[in-house]
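**Student:** First the structure, then my questions, so here it is.
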Protein chains: 2
Amino acid sequence: MTTRPIAVLGGTGPEGFGLALRWAQAGETVIIGSRDAQRAQQAAAKIQQKIGGSAKISGAENVAACDLADMLVLTVPFSGHAALVKQLKPALRPGSIVIDATVPLAASVGGRASRTLGVWQGSAAQQTAELVPKGVAVVAAFQNVGAEMLNAEGPVDCDVIVCSDDSEAIQIVSQLAVRIAGVRALDGGKLENARILEQITALLVGLNLRHHGHGGIRITGLPCAAYISQ
Amino acid sequence: MTTRPIAVLGGTGPEGFGLALRWAQAGETVIIGSRDAQRAQQAAAKIQQKIGGSAKISGAENVAACDLADMLVLTVPFSGHAALVKQLKPALRPGSIVIDATVPLAASVGGRASRTLGVWQGSAAQQTAELVPKGVAVVAAFQNVGAEMLNAEGPVDCDVIVCSDDSEAIQIVSQLAVRIAGVRALDGGKLENARILEQITALLVGLNLRHHGHGGIRITGLPCAAYISQ
């Protein structure tokens with residue numbers, strides 16, 4: 001069981017809210033971060049109400065949330081992604097893990113949500129890796145678990161592919177991922193593979209539109225992976 | 001049921017052989033194409049032996065195979081991809097469908113099979129679209145169904161995402177895809193999305209290595225799609 005508090009930055013949006021909800025349901029300590037502390041606290045209260053008194057959930061302004069946790073999840077739109085990482089930079093401590101769930105959808109610049117922008121570094125997660133201080137591990141994960149799945153009842157029918165250049169961080173984040181009911185975590189290799197995870201989300205957006213659903217992915221044909229949620 | 005003969009070009013390789021085997025098993029008329037007519041005939045004989053006398057399978061040199069079918073599947077390594085399409089060009093008739101299963105793995109130029117090359121047009125399938133004569137539909141499909149899955153016994157545990165700018169061709173190829181036991185076909189949208197399908201294969205190569213399997217993909221969270229194999 002994970003014992004480190006998790007700060008979900010941009011946690012008032014549907015994706016971040018869904019992740020915060022799932023982790024709080026699993027008994028994790030979660031801090032919702034937002035530009036606006038009051039909105040963060042309102043989202044936390046909503047989760048508290050949903051789960052009941054035992055939930056370890058609170059809300060804070062993004063940088064303040066970052067001060068309370070060394071496991072941070074970025075769930076902001078790509079348009080605000082680099083600015084948020086730069087803002088967080090002074091608050092990031094060596095040993096912290098930044099989990100990037102951001103997808104550089106073309107919708108960020110008025111294009112389609114079924115297309116991605118080309119990010120010079122290769123992916124949003126690699127952009128983050130370029131911006132964080134030394135000693136902070138960057139992990140790409142959760143791009144393919146849709147907000148609708150997270151906010152619906154019952155187990156999530158989706159694998160979480162976890163990419164990082166820090167293999168210990170892959171293990172820690174995989175353990176965190178499988179705290180979400182239904183999730184299987186898979187070692188996706190180096191952070192450079194984040195570009196594929198991000199593009200899969202754009203593909204899922206298009207599939208959702210054409211097939212009227214809320215798609216996720218499962219990788220078939222692998223023996224039962226190391227991390228399976230209970 | 002599909003009635004058009006299918007030419008699988010590069011069908012002596014494991015991916016093409018597996019597709020030819022599956023379609024022949026389903027009662028389709030299949031021509032295996034190869035640079036070497038004799039090798040194509042040997043592969044066809046192997047499938048004939050595997051399935052029994054009723055199989056409608058033959059082998060021919062690539063261009064000759066192309067003359068016998070208006071449904072063509074490209075399953076060659078990326079290093080020989082453009083050259084093959086150029087060679088086939090005079091034999092391609094308006095109304096034909098070229099199904100491109102090629103993945104531009106970096107292994108083509110001595111790099112890793114878990115990375116792709118950047119193709120100027122966006123994807124190998126879009127490169128094909130640039131090379132074929134007018135009136136020939138190009139469809140991207142089958143990149144994510146591994147050779148090991150196809151050549152193993154039993155149903156294939158994989159979705160086939162079908163992309164094309166020709167929506168009628170998407171329907172025809174989807175019907176062909178679900179002739180493979182276990183396959184579900186999904187409308188992947190425009191051909192430009194082929195880049196994502198091709199990159200998913202590179203991701204699967206890496207997952208296979210790290211998790212010791214032969215991975216495919218399933219999209220979850222969609223209502224039962226239009227095309228499901230029986």
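By order of appearance in the structure tokens: chains A, B, ..., then residues from 1 within every chain, and ligands from 1 in the order shown.
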For Ser54 of chain B, work out the shell of residues within 12 Å, counting only C-alpha atoms and skipping chain neighbours fewer than 2 positions away, then give it as an MDAnalysis selection string.

**Tutor:** chainID B and resid 24:29 47:52 56:57

**Student:** With only C-alpha atoms as the counted atoms, please give the residues lying no more than 8 Å from Ala147 of chain B, apart from itself and same-chain residues fewer than 3 positions off, as a ChimeraX atom specification.

**Tutor:** /B:14-16,18,150-151

**Student:** For the residues selected in the previous step, produce a file with N, CA and C atoms as a PDB file, in the first residue's frame.

**Tutor:**
ATOM      1  N   PRO B  14       6.494 -13.806 -41.425  1.00  0.00           N
ATOM      2  CA  PRO B  14       5.587 -14.344 -40.395  1.00  0.00           C
ATOM      3  C   PRO B  14       4.246 -13.613 -40.296  1.00  0.00           C
ATOM      4  N   GLU B  15       4.240 -12.293 -40.451  1.00  0.00           N
ATOM      5  CA  GLU B  15       2.978 -11.540 -40.337  1.00  0.00           C
ATOM      6  C   GLU B  15       2.049 -11.865 -41.515  1.00  0.00           C
ATOM      7  N   GLY B  16       2.599 -11.788 -42.733  1.00  0.00           N
ATOM      8  CA  GLY B  16       1.794 -12.067 -43.919  1.00  0.00           C
ATOM      9  C   GLY B  16       1.331 -13.512 -43.957  1.00  0.00           C
ATOM     10  N   GLY B  18       0.790 -15.427 -41.399  1.00  0.00           N
ATOM     11  CA  GLY B  18      -0.262 -15.585 -40.395  1.00  0.00           C
ATOM     12  C   GLY B  18      -1.608 -15.071 -40.886  1.00  0.00           C
ATOM     13  N   LEU B 150      -1.226 -14.580 -34.701  1.00  0.00           N
ATOM     14  CA  LEU B 150      -1.868 -15.082 -35.919  1.00  0.00           C
ATOM     15  C   LEU B 150      -1.488 -16.534 -36.173  1.00  0.00           C
ATOM     16  N   ASN B 151      -0.250 -16.875 -35.880  1.00  0.00           N
ATOM     17  CA  ASN B 151       0.229 -18.222 -36.189  1.00  0.00           C
ATOM     18  C   ASN B 151      -0.032 -19.224 -35.063  1.00  0.00           C
TER      19      ASN B 151
END

**Student:** Need the shell around Ala44 of chain A: protein/DNA/RNA residues with any atom at most 8 Å away, counting only C-alpha atoms. Skip same-chain ones fewer than 5 positions apart. Format as a list of chain:residue names?

**Tutor:** A:Ile31, A:Ile32, A:Ile57, A:Ser58, A:Gly59

**Student:** Those same residues - N, CA and C atoms - I'd like them written as a PDB file, in the first residue's frame.

**Tutor:**
ATOM      1  N   ILE A  31      -4.328  15.279  -1.893  1.00  0.00           N
ATOM      2  CA  ILE A  31      -4.524  16.729  -1.867  1.00  0.00           C
ATOM      3  C   ILE A  31      -4.874  17.172  -3.284  1.00  0.00           C
ATOM      4  N   ILE A  32      -6.034  17.788  -3.430  1.00  0.00           N
ATOM      5  CA  ILE A  32      -6.395  18.338  -4.728  1.00  0.00           C
ATOM      6  C   ILE A  32      -5.772  19.712  -4.872  1.00  0.00           C
ATOM      7  N   ILE A  57      -8.859  13.466   2.338  1.00  0.00           N
ATOM      8  CA  ILE A  57      -8.811  14.331   1.156  1.00  0.00           C
ATOM      9  C   ILE A  57      -8.883  15.799   1.567  1.00  0.00           C
ATOM     10  N   SER A  58      -8.056  16.624   0.930  1.00  0.00           N
ATOM     11  CA  SER A  58      -8.095  18.059   1.183  1.00  0.00           C
ATOM     12  C   SER A  58      -7.813  18.806  -0.112  1.00  0.00           C
ATOM     13  N   GLY A  59      -7.922  20.115  -0.055  1.00  0.00           N
ATOM     14  CA  GLY A  59      -7.688  20.926  -1.249  1.00  0.00           C
ATOM     15  C   GLY A  59      -6.786  22.095  -0.936  1.00  0.00           C
TER      16      GLY A  59
END

**Student:** Could I get the residues of chain B with an atom no further than 6 Å from an atom of chain A, each paired with its nearest atom pair and that distance in Å to one decimal, using only C-alpha atoms, sorted by chain and residue number, as a Markdown table?

**Tutor:**
| residue | atom | partner | partner_atom | distance |
| --- | --- | --- | --- | --- |
| B:Gly213 | CA | A:Leu222 | CA | 4.4 |
| B:His214 | CA | A:Gly221 | CA | 5.1 |
| B:Gly215 | CA | A:Gly221 | CA | 4.3 |
| B:Gly216 | CA | A:Thr220 | CA | 4.9 |
| B:Ile217 | CA | A:Ile219 | CA | 4.6 |
| B:Arg218 | CA | A:Arg218 | CA | 5.2 |
| B:Ile219 | CA | A:Ile217 | CA | 4.6 |
| B:Thr220 | CA | A:Gly216 | CA | 4.9 |
| B:Gly221 | CA | A:Gly215 | CA | 4.4 |
| B:Leu222 | CA | A:Gly213 | CA | 4.4 |

**Student:** Applying 10 Å and only C-alpha atoms, which residues near Asp166 of chain B remain after dropping the ones on its own chain fewer than 2 positions away? List them as a PDB file with N, CA and C atoms, in the first residue's frame.

**Tutor:**
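The resulting file, out_3.pdb, is shown below:
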ATOM      1  N   ILE B  97      -8.190  -2.022 -53.467  1.00  0.00           N
ATOM      2  CA  ILE B  97      -7.933  -1.570 -52.091  1.00  0.00           C
ATOM      3  C   ILE B  97      -6.554  -2.057 -51.674  1.00  0.00           C
ATOM      4  N   VAL B 136      -7.357   4.287 -56.301  1.00  0.00           N
ATOM      5  CA  VAL B 136      -6.999   3.142 -55.440  1.00  0.00           C
ATOM      6  C   VAL B 136      -7.143   3.599 -53.995  1.00  0.00           C
ATOM      7  N   ALA B 137      -7.922   2.862 -53.206  1.00  0.00           N
ATOM      8  CA  ALA B 137      -8.119   3.226 -51.801  1.00  0.00           C
ATOM      9  C   ALA B 137      -7.006   2.627 -50.949  1.00  0.00           C
ATOM     10  N   VAL B 138      -6.474   3.426 -50.045  1.00  0.00           N
ATOM     11  CA  VAL B 138      -5.456   2.923 -49.115  1.00  0.00           C
ATOM     12  C   VAL B 138      -6.063   2.847 -47.722  1.00  0.00           C
ATOM     13  N   VAL B 139      -5.876   1.700 -47.087  1.00  0.00           N
ATOM     14  CA  VAL B 139      -6.432   1.451 -45.762  1.00  0.00           C
ATOM     15  C   VAL B 139      -5.297   0.994 -44.854  1.00  0.00           C
ATOM     16  N   CYS B 163      -8.198   2.381 -40.564  1.00  0.00           N
ATOM     17  CA  CYS B 163      -8.172   3.811 -40.912  1.00  0.00           C
ATOM     18  C   CYS B 163      -8.099   4.004 -42.425  1.00  0.00           C
ATOM     19  N   SER B 164      -8.885   4.918 -42.940  1.00  0.00           N
ATOM     20  CA  SER B 164      -8.823   5.246 -44.359  1.00  0.00           C
ATOM     21  C   SER B 164      -9.587   6.537 -44.619  1.00  0.00           C
ATOM     22  N   GLU B 168     -16.063   3.637 -47.454  1.00  0.00           N
ATOM     23  CA  GLU B 168     -16.528   2.335 -47.959  1.00  0.00           C
ATOM     24  C   GLU B 168     -15.419   1.293 -47.805  1.00  0.00           C
ATOM     25  N   ALA B 169     -14.191   1.711 -48.063  1.00  0.00           N
ATOM     26  CA  ALA B 169     -13.054   0.793 -47.901  1.00  0.00           C
ATOM     27  C   ALA B 169     -12.890   0.371 -46.441  1.00  0.00           C
ATOM     28  N   ILE B 170     -13.183   1.288 -45.520  1.00  0.00           N
ATOM     29  CA  ILE B 170     -13.122   0.923 -44.090  1.00  0.00           C
ATOM     30  C   ILE B 170     -14.105  -0.214 -43.811  1.00  0.00           C
ATOM     31  N   GLN B 171     -15.297  -0.120 -44.380  1.00  0.00           N
ATOM     32  CA  GLN B 171     -16.315  -1.155 -44.159  1.00  0.00           C
ATOM     33  C   GLN B 171     -15.872  -2.487 -44.737  1.00  0.00           C
ATOM     34  N   GLY B 189     -11.051   5.987 -38.218  1.00  0.00           N
ATOM     35  CA  GLY B 189     -11.074   7.329 -38.818  1.00  0.00           C
ATOM     36  C   GLY B 189     -10.131   7.458 -39.998  1.00  0.00           C
ATOM     37  N   LYS B 190      -9.743   8.682 -40.258  1.00  0.00           N
ATOM     38  CA  LYS B 190      -8.935   9.032 -41.434  1.00  0.00           C
ATOM     39  C   LYS B 190      -7.582   8.294 -41.457  1.00  0.00           C
ATOM     40  N   LEU B 191      -7.027   8.216 -42.646  1.00  0.00           N
ATOM     41  CA  LEU B 191      -5.735   7.545 -42.818  1.00  0.00           C
ATOM     42  C   LEU B 191      -4.628   8.211 -41.999  1.00  0.00           C
TER      43      LEU B 191
END

**Student:** Taking only C-alpha atoms into account, name the residue in B:Arg4, B:Lys89, B:Lys134, B:Lys46 that is nearest to Leu21 of chain B.

**Tutor:**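 Of B:Arg4, B:Lys89, B:Lys134, B:Lys46, the one nearest Leu21 of chain B, counting only C-alpha atoms, is B:Lys46.
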
**Student:** From the DSSP assignment of the backbone, select every residue of segment 4-103 of chain A that is helix (DSSP H, G or I), and format the answer as a ChimeraX atom specification.

**Tutor:** /A:14-25,37-51,62-67,78-91

**Student:** I need the residues from that last selection saved to file as a compact mmCIF listing (two decimals), in the first residue's frame (with N, CA and C atoms), if you can.

**Tutor:**
# COMPACT_ATOMS: atom_id res chain seq x y z
N PRO A 14 -12.11 17.17 -14.72
CA PRO A 14 -12.71 15.83 -14.63
C PRO A 14 -11.69 14.69 -14.48
N GLU A 15 -10.55 14.78 -15.18
CA GLU A 15 -9.55 13.71 -15.10
C GLU A 15 -8.90 13.67 -13.70
N GLY A 16 -8.46 14.84 -13.25
CA GLY A 16 -7.82 14.92 -11.94
C GLY A 16 -8.79 14.57 -10.82
N PHE A 17 -10.01 15.05 -10.96
CA PHE A 17 -11.05 14.76 -9.95
C PHE A 17 -11.28 13.25 -9.87
N GLY A 18 -11.37 12.61 -11.03
CA GLY A 18 -11.59 11.16 -11.07
C GLY A 18 -10.46 10.38 -10.42
N LEU A 19 -9.22 10.78 -10.70
CA LEU A 19 -8.07 10.11 -10.08
C LEU A 19 -8.08 10.32 -8.56
N ALA A 20 -8.34 11.58 -8.14
CA ALA A 20 -8.37 11.89 -6.71
C ALA A 20 -9.45 11.06 -6.01
N LEU A 21 -10.60 10.98 -6.66
CA LEU A 21 -11.72 10.21 -6.11
C LEU A 21 -11.34 8.74 -5.92
N ARG A 22 -10.74 8.15 -6.97
CA ARG A 22 -10.37 6.73 -6.92
C ARG A 22 -9.33 6.46 -5.83
N TRP A 23 -8.34 7.34 -5.73
CA TRP A 23 -7.30 7.12 -4.71
C TRP A 23 -7.85 7.35 -3.31
N ALA A 24 -8.70 8.36 -3.16
CA ALA A 24 -9.30 8.60 -1.84
C ALA A 24 -10.16 7.40 -1.44
N GLN A 25 -10.89 6.85 -2.42
CA GLN A 25 -11.72 5.66 -2.16
C GLN A 25 -10.85 4.49 -1.68
N ALA A 37 -7.49 28.05 -4.55
CA ALA A 37 -7.55 27.20 -3.36
C ALA A 37 -9.00 26.85 -3.00
N GLN A 38 -9.88 27.82 -3.19
CA GLN A 38 -11.27 27.59 -2.80
C GLN A 38 -11.92 26.51 -3.68
N ARG A 39 -11.65 26.58 -4.96
CA ARG A 39 -12.19 25.55 -5.86
C ARG A 39 -11.63 24.17 -5.51
N ALA A 40 -10.35 24.14 -5.13
CA ALA A 40 -9.73 22.88 -4.72
C ALA A 40 -10.43 22.32 -3.49
N GLN A 41 -10.71 23.19 -2.54
CA GLN A 41 -11.37 22.74 -1.31
C GLN A 41 -12.80 22.28 -1.58
N GLN A 42 -13.46 22.95 -2.52
CA GLN A 42 -14.83 22.53 -2.88
C GLN A 42 -14.81 21.13 -3.50
N ALA A 43 -13.83 20.88 -4.39
CA ALA A 43 -13.72 19.56 -5.02
C ALA A 43 -13.43 18.50 -3.96
N ALA A 44 -12.54 18.85 -3.02
CA ALA A 44 -12.21 17.91 -1.93
C ALA A 44 -13.44 17.60 -1.09
N ALA A 45 -14.25 18.64 -0.83
CA ALA A 45 -15.46 18.44 -0.03
C ALA A 45 -16.45 17.52 -0.75
N LYS A 46 -16.51 17.66 -2.06
CA LYS A 46 -17.40 16.83 -2.87
C LYS A 46 -16.99 15.36 -2.76
N ILE A 47 -15.69 15.12 -2.79
CA ILE A 47 -15.18 13.74 -2.67
C ILE A 47 -15.43 13.22 -1.25
N GLN A 48 -15.18 14.08 -0.28
CA GLN A 48 -15.43 13.73 1.13
C GLN A 48 -16.87 13.27 1.31
N GLN A 49 -17.77 14.04 0.73
CA GLN A 49 -19.19 13.75 0.84
C GLN A 49 -19.54 12.42 0.16
N LYS A 50 -18.91 12.19 -0.96
CA LYS A 50 -19.17 10.99 -1.76
C LYS A 50 -18.71 9.73 -1.03
N ILE A 51 -17.55 9.83 -0.39
CA ILE A 51 -16.92 8.65 0.22
C ILE A 51 -17.32 8.48 1.68
N ASN A 62 -2.17 25.08 -6.02
CA ASN A 62 -1.22 24.12 -6.60
C ASN A 62 0.14 24.06 -5.90
N VAL A 63 0.77 25.22 -5.67
CA VAL A 63 2.11 25.22 -5.07
C VAL A 63 2.04 24.75 -3.62
N ALA A 64 0.98 25.17 -2.92
CA ALA A 64 0.80 24.72 -1.53
C ALA A 64 0.57 23.21 -1.48
N ALA A 65 -0.17 22.69 -2.46
CA ALA A 65 -0.41 21.24 -2.54
C ALA A 65 0.90 20.51 -2.77
N CYS A 66 1.73 21.10 -3.58
CA CYS A 66 3.04 20.54 -3.91
C CYS A 66 3.93 20.45 -2.66
N ASP A 67 3.77 21.43 -1.76
CA ASP A 67 4.54 21.44 -0.51
C ASP A 67 4.14 20.30 0.42
N PHE A 78 -2.98 20.95 -21.78
CA PHE A 78 -1.63 21.20 -22.28
C PHE A 78 -1.31 22.69 -22.36
N SER A 79 -2.33 23.50 -22.59
CA SER A 79 -2.09 24.95 -22.73
C SER A 79 -1.51 25.55 -21.44
N GLY A 80 -1.79 24.94 -20.29
CA GLY A 80 -1.26 25.46 -19.05
C GLY A 80 -0.14 24.62 -18.45
N HIS A 81 0.32 23.62 -19.20
CA HIS A 81 1.22 22.59 -18.70
C HIS A 81 2.61 23.14 -18.33
N ALA A 82 3.28 23.74 -19.29
CA ALA A 82 4.65 24.23 -19.04
C ALA A 82 4.65 25.32 -17.97
N ALA A 83 3.64 26.19 -18.03
CA ALA A 83 3.56 27.29 -17.05
C ALA A 83 3.41 26.71 -15.64
N LEU A 84 2.61 25.67 -15.49
CA LEU A 84 2.42 25.06 -14.16
C LEU A 84 3.73 24.44 -13.67
N VAL A 85 4.42 23.72 -14.54
CA VAL A 85 5.67 23.06 -14.11
C VAL A 85 6.69 24.12 -13.69
N LYS A 86 6.77 25.21 -14.44
CA LYS A 86 7.70 26.29 -14.07
C LYS A 86 7.33 26.91 -12.73
N GLN A 87 6.03 27.05 -12.51
CA GLN A 87 5.54 27.63 -11.26
C GLN A 87 5.86 26.71 -10.07
N LEU A 88 5.77 25.40 -10.32
CA LEU A 88 6.01 24.43 -9.25
C LEU A 88 7.49 24.26 -8.95
N LYS A 89 8.34 24.58 -9.93
CA LYS A 89 9.76 24.26 -9.85
C LYS A 89 10.42 24.55 -8.50
N PRO A 90 10.24 25.77 -7.94
CA PRO A 90 10.91 26.04 -6.65
C PRO A 90 10.41 25.13 -5.52
N ALA A 91 9.20 24.59 -5.66
CA ALA A 91 8.63 23.75 -4.60
C ALA A 91 8.99 22.27 -4.77

**Student:** With DSSP run on the backbone, what are the strand (DSSP E or B) residues within segment 14-197 of chain A? I'd like them as an NGL selection string.

**Tutor:** :A and (29-34 or 56-61 or 71-74 or 97-100 or 105 or 116 or 137-140 or 159-164 or 184-189)

**Student:** Which is closer to Glu153 of chain A than all the others in A:Leu74, A:Ala69, A:Val132, A:Ala181, using only C-alpha atoms?

**Tutor:**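 That would be A:Ala181, the residue with the smallest distance to Glu153 of chain A.
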
**Student:** What does the distance from atom CA of Ile99 of chain B to atom CA of Ser123 of chain B come to in Å, to one decimal?

**Tutor:** 13.3 Å

**Student:** Figure out the distance between atom CA of Thr116 of chain B and atom CA of Met71 of chain B, please, to one decimal in Å.

**Tutor:**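 That distance, rounded to one decimal, is 26.6 Å.
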
**Student:** Work out how far apart atom CA of Thr75 of chain A and atom CA of Ser108 of chain A are and give it in Å to one decimal.

**Tutor:** 13.7 Å
